[in-house]
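Coordinates as given in my_file.csv (CSV, C-alpha atoms):
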chain,number,residue,atom,x,y,z
A,259,MET,CA,111.7,81.6,67.1
A,260,ASN,CA,111.7,85.1,68.5
A,261,TYR,CA,110.5,86.4,71.9
A,262,TRP,CA,108.7,89.6,72.6
A,263,LEU,CA,107.0,91.6,75.3
A,264,VAL,CA,103.8,93.7,74.8
A,265,LYS,CA,102.3,96.1,77.3
A,266,SER,CA,98.7,96.8,77.9
A,267,GLU,CA,96.9,98.8,80.7
A,268,PRO,CA,94.6,96.3,82.3
A,269,VAL,CA,91.8,98.8,82.4
A,270,LYS,CA,92.0,99.1,78.6
A,271,TYR,CA,92.7,95.4,77.7
A,272,SER,CA,93.4,92.9,80.5
A,273,TRP,CA,94.7,89.4,80.3
A,274,GLU,CA,91.3,88.2,81.5
A,275,GLN,CA,89.6,89.9,78.6
A,276,PHE,CA,92.2,88.5,76.2
A,277,GLU,CA,91.5,85.0,77.5
A,278,LYS,CA,87.8,85.5,77.0
A,279,ASP,CA,88.3,86.8,73.5
A,280,GLY,CA,90.7,83.9,72.6
A,281,ARG,CA,92.5,86.1,70.1
A,282,THR,CA,93.1,89.8,69.5
A,283,CYS,CA,94.4,92.2,67.0
A,284,TRP,CA,97.2,94.2,68.6
A,285,ASP,CA,96.2,97.6,67.3
A,286,GLY,CA,96.7,101.2,68.2
A,287,VAL,CA,100.6,101.2,68.2
A,288,ARG,CA,101.8,104.6,67.1
A,289,ASN,CA,105.5,104.5,67.9
A,290,PHE,CA,107.9,103.8,65.1
A,291,GLN,CA,110.2,101.5,67.1
A,292,ALA,CA,107.2,99.5,68.4
A,293,ARG,CA,105.7,99.3,64.9
A,294,ASN,CA,109.0,98.0,63.6
A,295,ASN,CA,109.0,95.3,66.3
A,296,LEU,CA,105.4,94.3,65.3
A,297,GLN,CA,106.7,94.0,61.7
A,298,GLY,CA,109.4,91.6,63.0
A,299,MET,CA,107.0,89.2,64.7
A,300,ARG,CA,106.5,85.8,63.0
A,301,ASN,CA,103.8,83.2,63.4
A,302,GLY,CA,104.6,81.1,66.4
A,303,ASP,CA,106.7,83.7,68.2
A,304,LEU,CA,106.0,83.8,71.9
A,305,VAL,CA,105.0,87.0,73.6
A,306,LEU,CA,105.0,88.0,77.3
A,307,TYR,CA,101.9,90.0,78.3
A,308,TYR,CA,102.7,92.8,80.7
A,309,HIS,CA,100.1,94.8,82.6
A,310,SER,CA,101.4,98.4,82.7
A,311,ASN,CA,100.4,101.3,84.9
A,312,GLU,CA,98.2,99.1,87.2
A,313,GLY,CA,99.8,96.0,88.4
A,314,LYS,CA,103.1,96.4,86.6
A,315,GLU,CA,103.6,92.7,86.1
A,316,VAL,CA,103.9,90.0,83.5
A,317,VAL,CA,100.8,87.9,83.7
A,318,GLY,CA,101.1,85.4,80.8
A,319,VAL,CA,102.4,84.1,77.5
A,320,ALA,CA,100.7,84.7,74.1
A,321,LYS,CA,101.5,83.5,70.7
A,322,VAL,CA,101.7,85.3,67.4
A,323,VAL,CA,99.0,83.8,65.2
A,324,ARG,CA,99.0,86.3,62.3
A,325,GLU,CA,101.9,88.4,61.1
A,326,ALA,CA,101.8,92.1,60.4
A,327,TYR,CA,99.0,93.6,58.4
A,328,PRO,CA,97.6,97.2,58.1
A,329,ASP,CA,96.1,98.5,61.3
A,330,PRO,CA,92.4,99.0,60.8
A,331,THR,CA,92.3,101.8,63.4
A,332,ALA,CA,94.9,103.9,61.5
A,333,GLY,CA,94.3,106.0,58.4
A,334,ASP,CA,97.8,105.3,57.3
A,335,PRO,CA,98.9,101.8,55.9
A,336,ALA,CA,102.3,102.3,57.4
A,337,TRP,CA,100.9,101.4,60.9
A,338,VAL,CA,100.5,97.6,61.4
A,339,VAL,CA,99.0,95.1,63.8
A,340,VAL,CA,99.6,91.4,64.5
A,341,ASP,CA,97.1,88.9,65.9
A,342,LEU,CA,97.9,87.3,69.2
A,343,ALA,CA,96.3,84.4,71.0
A,344,PRO,CA,96.7,83.5,74.8
A,345,GLU,CA,98.9,80.5,75.5
A,346,SER,CA,99.2,80.3,79.3
A,347,ARG,CA,98.4,82.4,82.3
A,348,PHE,CA,101.2,82.6,84.9
A,349,THR,CA,100.5,80.9,88.2
A,350,ARG,CA,102.2,83.9,89.8
A,351,PRO,CA,102.5,87.3,88.1
A,352,VAL,CA,106.1,88.5,87.7
A,353,THR,CA,106.4,92.0,89.1
A,354,LEU,CA,108.4,94.9,87.8
A,355,THR,CA,110.3,94.8,91.1
A,356,GLN,CA,111.2,91.1,90.6
A,357,ILE,CA,112.5,92.0,87.1
A,358,LYS,CA,114.5,94.9,88.4
A,359,ASN,CA,116.1,92.7,91.1
A,360,HIS,CA,117.0,89.7,88.8
A,361,ALA,CA,120.6,89.7,87.6
A,362,THR,CA,119.8,88.1,84.2
A,363,LEU,CA,117.2,90.8,83.5
A,364,GLN,CA,119.3,94.0,84.1
A,365,HIS,CA,119.4,94.9,80.4
A,366,ILE,CA,115.8,94.0,79.5
A,367,GLY,CA,114.1,96.5,77.3
A,368,LEU,CA,111.4,97.0,79.9
A,369,LEU,CA,113.9,98.6,82.2
A,370,ARG,CA,115.9,100.5,79.5
A,371,GLN,CA,112.9,101.8,77.4
A,372,SER,CA,110.0,101.8,79.9
A,373,ARG,CA,107.6,103.7,77.6
A,374,LEU,CA,108.0,101.3,74.6
A,375,SER,CA,104.9,99.1,74.2
A,376,VAL,CA,106.3,96.3,72.0
A,377,MET,CA,109.9,95.1,72.5
A,378,PRO,CA,112.1,92.1,71.7
A,379,LEU,CA,113.4,89.8,74.4
A,380,ARG,CA,116.5,87.6,74.4
A,381,PRO,CA,115.7,83.9,74.9
A,382,GLU,CA,117.3,83.8,78.3
A,383,GLU,CA,115.2,86.8,79.5
A,384,PHE,CA,112.0,85.1,78.3
A,385,ASP,CA,113.0,81.9,80.0
A,386,VAL,CA,113.7,83.6,83.3
A,387,ILE,CA,110.4,85.4,83.4
A,388,VAL,CA,108.4,82.3,82.4
A,389,GLY,CA,110.3,80.3,85.1
A,390,LEU,CA,109.4,82.9,87.7
A,391,GLY,CA,105.8,83.1,86.6
A,392,MET,CA,105.1,79.3,86.2
A,393,GLY,CA,107.5,78.2,88.9

Structure translated into structure tokens:
Amino acid sequence: MNYWLVKSEPVKYSWEQFEKDGRTCWDGVRNFQARNNLQGMRNGDLVLYYHSNEGKEVVGVAKVVREAYPDPTAGDPAWVVVDLAPESRFTRPVTLTQIKNHATLQHIGLLRQSRLSVMPLRPEEFDVIVGLGMG
């Protein structure tokens, strides 16, 4: 199993809306590295859901329920999407400040490539964030 983090502005697509929808197509990615990360996602992989810009916090865990396929919002089949479904909402959102201050998370992609919207996580990074959010 692989672990990932995706970012969404809550005004565009919040965790609350994601829970209401029950499933979503993760579309609109137009960065090559983020696209390559989407292509690397497999069914059953777990994904942290980060609210960017407003909140700046990880709010829950999602699961990949459909692997990469052409993005219906793009005119080019090179751009892809995956389908995600919500798994669990954190009891306490994990803030960017908490992430920055945690020794295990010093090399997390969120800090090194802050503009990247889809990134892989090491298992220990995923576990630390889930522990902070569900603890």

| request: Considering all atoms listed in the file, return as a VMD selection string whatever protein or nucleic-acid residues lie within 8 Å of Val319 of chain A, sequence-local ones (same chain, fewer than 4 positions apart) excluded. | output: chain A and resid 304 to 307 344 to 348 388

Please provide as a compact mmCIF listing (two decimals) with C-alpha atoms, in the frame of the given file all residues within 9 Å of Met377 of chain A, with the sequence filter that same-chain residues fewer than 2 positions apart are discarded (counting all atoms listed in the file).
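Final file, part-v3.txt:
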# COMPACT_ATOMS: atom_id res chain seq x y z
CA TYR A 261 110.50 86.40 71.90
CA TRP A 262 108.70 89.60 72.60
CA LEU A 263 107.00 91.60 75.30
CA VAL A 264 103.80 93.70 74.80
CA GLN A 291 110.20 101.50 67.10
CA ALA A 292 107.20 99.50 68.40
CA ASN A 295 109.00 95.30 66.30
CA LEU A 296 105.40 94.30 65.30
CA GLY A 367 114.10 96.50 77.30
CA LEU A 368 111.40 97.00 79.90
CA GLN A 371 112.90 101.80 77.40
CA LEU A 374 108.00 101.30 74.60
CA SER A 375 104.90 99.10 74.20
CA LEU A 379 113.40 89.80 74.40

| message | Report as JSON, numbers by chain all protein, DNA and RNA residues lying within 10 Å of Tyr327 of chain A, evaluated on only C-alpha atoms, omitting residues in the same chain fewer than 5 positions from it. | response | {"A": [283, 296, 297, 335, 336, 337, 338, 339, 340, 341]}

| said: Between atom CA of Arg288 of chain A and atom CA of Pro378 of chain A, what is the distance in Å, rounded to a tenth? | reply: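 Atom CA of Arg288 of chain A sits 16.8 Å away from atom CA of Pro378 of chain A.
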
| Which residues, written as a PyMOL selection string, have at least one atom at most 12 Å from Lys278 of chain A, with only C-alpha atoms counted and residues fewer than 6 positions away on the same chain left out? | chain A and resi 271-272+343-344

| What does the distance from atom CA of Glu325 of chain A to atom CA of Arg373 of chain A come to in Å, to one decimal? |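 These two atoms are separated by 23.2 Å.
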
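If only C-alpha atoms are the atoms counted, then among A:Lys314, A:Arg324, A:Arg380, A:Arg281 the closest residue to Asn301 of chain A is A:Arg324.
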
| field | A:Gly318, A:Pro328, A:Pro351, A:Gly313 ranked by distance to Val269 of chain A, top pick (using only C-alpha atoms) | value |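 Among the listed residues, A:Gly313 lies closest to Val269 of chain A.
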
| Taking into account all atoms listed in the file, which residue in the set A:Ile387, A:Val323, A:Ala332, A:Val376 is nearest to Thr362 of chain A? |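 Looking at the shortest contact to Thr362 of chain A, the residue is A:Ile387.
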
| said: Between atom CA of Val386 of chain A and atom CA of Asp303 of chain A, what is the distance in Å, rounded to a tenth? | reply: 16.6 Å

Could you model N, CA and C atoms for segment 324-345 of chain A and present them as a tab-separated table (two decimals), in the coordinates of the input?
chain	number	residue	atom	x	y	z
A	324	ARG	N	99.04	85.67	63.60
A	324	ARG	CA	99.00	86.30	62.30
A	324	ARG	C	100.02	87.41	62.25
A	325	GLU	N	100.83	87.39	61.22
A	325	GLU	CA	101.90	88.40	61.10
A	325	GLU	C	101.34	89.73	60.66
A	326	ALA	N	102.20	90.72	60.65
A	326	ALA	CA	101.80	92.10	60.40
A	326	ALA	C	100.95	92.35	59.21
A	327	TYR	N	99.92	93.17	59.43
A	327	TYR	CA	99.00	93.60	58.40
A	327	TYR	C	98.55	95.03	58.75
A	328	PRO	N	97.99	95.80	57.82
A	328	PRO	CA	97.60	97.20	58.10
A	328	PRO	C	96.66	97.31	59.30
A	329	ASP	N	96.94	98.28	60.17
A	329	ASP	CA	96.10	98.50	61.30
A	329	ASP	C	94.78	99.14	60.91
A	330	PRO	N	93.67	98.45	61.18
A	330	PRO	CA	92.40	99.00	60.80
A	330	PRO	C	91.94	100.24	61.51
A	331	THR	N	92.63	100.57	62.62
A	331	THR	CA	92.30	101.80	63.40
A	331	THR	C	93.09	102.99	62.91
A	332	ALA	N	94.00	102.79	61.96
A	332	ALA	CA	94.90	103.90	61.50
A	332	ALA	C	94.42	104.29	60.07
A	333	GLY	N	94.59	105.54	59.77
A	333	GLY	CA	94.30	106.00	58.40
A	333	GLY	C	95.49	105.89	57.49
A	334	ASP	N	96.58	105.37	58.00
A	334	ASP	CA	97.80	105.30	57.30
A	334	ASP	C	98.28	103.81	57.22
A	335	PRO	N	98.47	103.24	56.02
A	335	PRO	CA	98.90	101.80	55.90
A	335	PRO	C	100.25	101.51	56.48
A	336	ALA	N	101.01	102.53	56.86
A	336	ALA	CA	102.30	102.30	57.40
A	336	ALA	C	102.23	101.70	58.84
A	337	TRP	N	101.09	101.91	59.52
A	337	TRP	CA	100.90	101.40	60.90
A	337	TRP	C	100.33	99.96	60.74
A	338	VAL	N	100.87	99.04	61.55
A	338	VAL	CA	100.50	97.60	61.40
A	338	VAL	C	100.03	97.05	62.74
A	339	VAL	N	99.42	95.88	62.63
A	339	VAL	CA	99.00	95.10	63.80
A	339	VAL	C	99.46	93.66	63.57
A	340	VAL	N	99.44	92.88	64.62
A	340	VAL	CA	99.60	91.40	64.50
A	340	VAL	C	98.40	90.85	65.34
A	341	ASP	N	98.10	89.60	65.10
A	341	ASP	CA	97.10	88.90	65.90
A	341	ASP	C	97.81	88.03	66.92
A	342	LEU	N	97.32	88.08	68.14
A	342	LEU	CA	97.90	87.30	69.20
A	342	LEU	C	96.77	86.41	69.82
A	343	ALA	N	97.18	85.25	70.34
A	343	ALA	CA	96.30	84.40	71.00
A	343	ALA	C	96.92	84.00	72.38
A	344	PRO	N	96.12	83.90	73.46
A	344	PRO	CA	96.70	83.50	74.80
A	344	PRO	C	97.17	82.08	74.73
A	345	GLU	N	98.31	81.84	75.36
A	345	GLU	CA	98.90	80.50	75.50
A	345	GLU	C	98.72	79.98	76.91
